[in-house]
Each structure stands twice: as C-alpha cells, then as structure tokens.
Amino acid sequence: MGKNKLKKFEEMDTYPHVVQAPFSEVHQNNHELYGRWNEMFFKNNNPVVLELGCGKGEYTVGLARLFPQKNFIGVDIKGNRMHRGATDAIHEGLKNVGFLRTRIEAIHAFFAPSEVDEIWLTFPDPQIKKFRKRLTCSRFLEAYGRFLKPGGIIHLKTDSLFMYTYTRELLKANGIAPLVDESDLYSCGYQDDILSIQTYYERKWLEQGIPIKYLKFVLQKADGLIEPYVDIEPDNYRSAGRGVKPRRTGNNV
C-alpha cells in the first residue's frame with residue numbers, strides 16, 4: 001500500500017463523521033449505530049438519506065450542501081476514494097453529512113426498519129455479466145426495503161443505458177411506476193435542484209456526449225421482487241470497464 005493511501009487511512013481514523021466497520025464486526029451482530037443514527041451520530045431528527053457506492057463522496061457532499069435540513073451518509077468500501085468527500089465535509093464544516101465504510105452487502109447491519117428516508121445510487125457499475133451485483137437488482141432492492149420508510153424513495157442516476165434499461169424493466173416486471181423517468185436528464189426540460197450537482201465523471205461523460213439517465217421511484221414492497229427476463233443491449237462504449245458482449249439479463253444470468 002502506498003504512503004499516500006496510508007496517510008489517507010490514518011486521517012480517516014481521526015474524522016468524527018466517518019464510521020469504519022470491518023465485516024467481521026457486523027457479520028453476526030448489528031452495529032452500535034443501528035437504529036440510532038439520528039440520536040447518536042447527527043443528534044437531530046432530520047430525514048436520513050444514503051448514497052450507496054458513493055466513491056469520492058462528491059454527490060453526498062453536494063446533496064448535504066443543497067439540503068441542510070436532511071442528513072446524508074455516503075457508503076462505500078473504498079476508503080481511499082471516500083477520503084476526498086470526507087475531507088471536503090470537514091473543511092466546509094458540514095454537520096449534516098457522514099460517511100460509512102463498509103460493503104453494501106452488510107448494509108442491513110447498520111440501519112433499522114424505517115430509519116432511512118431516501119437512497120441515491122449514483123453511477124453504479126452496471127455489472128453487465130453479474131446481475132446479482134447490480135445495485136438495483138431484486139435482492140438489493142429487497143434489502144433496501146427493510147430499512148426504508150414506507151413510501152421511501154430510490155434515485156438512480158446513471159450514464160449506462162444498460163443499467164437504466166435493466167432497472168426500468170425490473171420496475172415494470174414488479175408493477176412499480178417510476179415517479180420520474182428521464183433518458184436524457186439535461187436535455188428533457190426537467191427542473192430540479194439536483195441538476196446543479198455533477199460529479200467529475202458525470203461532467204466527463206456529458207462532454208463525451210453521453211446522456212445521463214435518471215429514475216426516481218417508490219419501493220412499494222420489500223419482498224417477493226422478481227427479475228426481468230429480457231434481452232438488453234450492452235453499452236457500446238467503455239467506461240469503468242464497460243463494453244462487453246450482449247447477453248440476456250434475468251434469473252439465469
């Protein structure tokens with residue numbers, strides 16, 4: 001591990017708004033903050049919003065700036081990336097933002113039923129070959145549903161046409177009508193404060209002429225979700241390892 005990475009990890013250990021929990025710590029037991037984020041961490045009763053797979057935390061910090069009346073938690077396993085957003089939050093004195101370093105698969109050990117109001121999925125890897133790793137697949141949505149409040153909202157923002165199409169088909173297969181469905185967010189006339197937040201890679205993709213897609217939907221049930229079984233063309237450009245051969249998506253992938 002490089003000296004720069006070690007320095008970042010050492011700094012993260014001193015950040016009061018960063019929670020780092022090894023999988024072994026939450027493998028069989030819930031974390032001490034389970035059900036107590038407002039009480040112990042934020043010390044207020046404002047709504048809790050998660051960004052899952054937050055990367056450098058740009059979007060988490062951007063949302064925290066934009067909505068001071070909400071609490072935001074960026075979740076990712078890669079502390080080296082998370083350091084950027086965590087440091088920005090410290091420098092700006094943001095009190096409504098935190099970061100959690102853990103695997104998404106262990107997220108159930110950190111949040112109690114109805115503890116979370118919204119979830120953001122910003123530019124997740126579409127996992128074209130492995131549908132069970134997609135952050136909008138049925139098993140992950142069912143996991144989210146266990147700690148989302150009734151009527152809790154999920155946002156997906158993606159540059160991947162494959163990920164966007166897959167998620168639309170999954171919602172359709174489960175009778176979930178999106179609240180917002182935009183295949184070209186910045187050219188459709190959609191008006192929302194979120195348009196003012198753009199990550200480094202989002203700006204890069206826009207410069208390349210790649211439209212940003214956005215889905216916003218209410219997770220109406222937490223169990224019994226099914227996978228779509230349709231042919232979806234893979235993305236024909238390479239970004240974060242994308243650009244693979246076409247294949248069928250569904251339960252047998």
# chains A, B, ... in the order shown; residues from 1 in each chain; ligands from 1
$ select_by_dssp --residues "segment 29-213 of chain A" --states "alpha helix (DSSP H)" --output "PyMOL selection string"
chain A and resi 58-66+79-92+138-145+161-173+200-207
$ select_by_dssp --residues "segment 19-241 of chain A" --states "strand (DSSP E or B)" --output "NGL selection string"
:A and (19-20 or 48-52 or 71-76 or 97-101 or 116-122 or 148-158 or 180-182 or 213-218 or 230-232)
$ closest_atom_pairs --of "segment 96-198 of chain A" --to "segment 45-61 of chain A" --cutoff "10 Å" --atoms "only C-alpha atoms" --output "Markdown table"
| residue | atom | partner | partner_atom | distance |
| --- | --- | --- | --- | --- |
| A:Asn96 | CA | A:Asn46 | CA | 9.0 |
| A:Val97 | CA | A:Val61 | CA | 6.8 |
| A:Gly98 | CA | A:Thr60 | CA | 8.6 |
| A:Phe99 | CA | A:Gly57 | CA | 8.2 |
| A:Leu100 | CA | A:Leu52 | CA | 9.6 |
| A:Arg101 | CA | A:Gly53 | CA | 9.8 |
| A:Thr102 | CA | A:Gly53 | CA | 9.8 |
| A:Arg103 | CA | A:Gly53 | CA | 8.9 |
| A:Ile104 | CA | A:Leu52 | CA | 7.1 |
| A:Ile107 | CA | A:Leu52 | CA | 9.3 |
| A:Ser114 | CA | A:Val48 | CA | 9.9 |
| A:Glu115 | CA | A:Val48 | CA | 7.1 |
| A:Val116 | CA | A:Val48 | CA | 5.1 |
| A:Asp117 | CA | A:Val48 | CA | 5.6 |
| A:Glu118 | CA | A:Val49 | CA | 4.8 |
| A:Ile119 | CA | A:Leu50 | CA | 4.8 |
| A:Trp120 | CA | A:Glu51 | CA | 4.5 |
| A:Leu121 | CA | A:Leu52 | CA | 5.6 |
| A:Thr122 | CA | A:Cys54 | CA | 7.2 |
| A:Phe123 | CA | A:Gly53 | CA | 8.4 |
| A:Pro124 | CA | A:Gly53 | CA | 6.7 |
| A:Asp125 | CA | A:Gly53 | CA | 9.1 |
| A:Leu135 | CA | A:Leu52 | CA | 8.4 |
| A:Leu148 | CA | A:Val49 | CA | 9.6 |
| A:Gly152 | CA | A:Val49 | CA | 9.9 |
| A:Ile153 | CA | A:Val49 | CA | 9.5 |
| A:Ile154 | CA | A:Leu50 | CA | 9.6 |
| A:His155 | CA | A:Glu51 | CA | 9.3 |
| A:Ile194 | CA | A:Tyr59 | CA | 9.6 |
| A:Ile197 | CA | A:Tyr59 | CA | 6.8 |
| A:Gln198 | CA | A:Tyr59 | CA | 7.2 |
$ closest_residue --among "A:Lys172, A:Lys95, A:Lys221, A:Lys157" --to "Leu195 of chain A" --atoms "only C-alpha atoms"
A:Lys157
$ residues_around --residues "Ser183 of chain A" --least-positions-apart "5" --cutoff "12 Å" --atoms "only C-alpha atoms" --output "ChimeraX atom specification"
/A:156-165,168,188-190,210-216
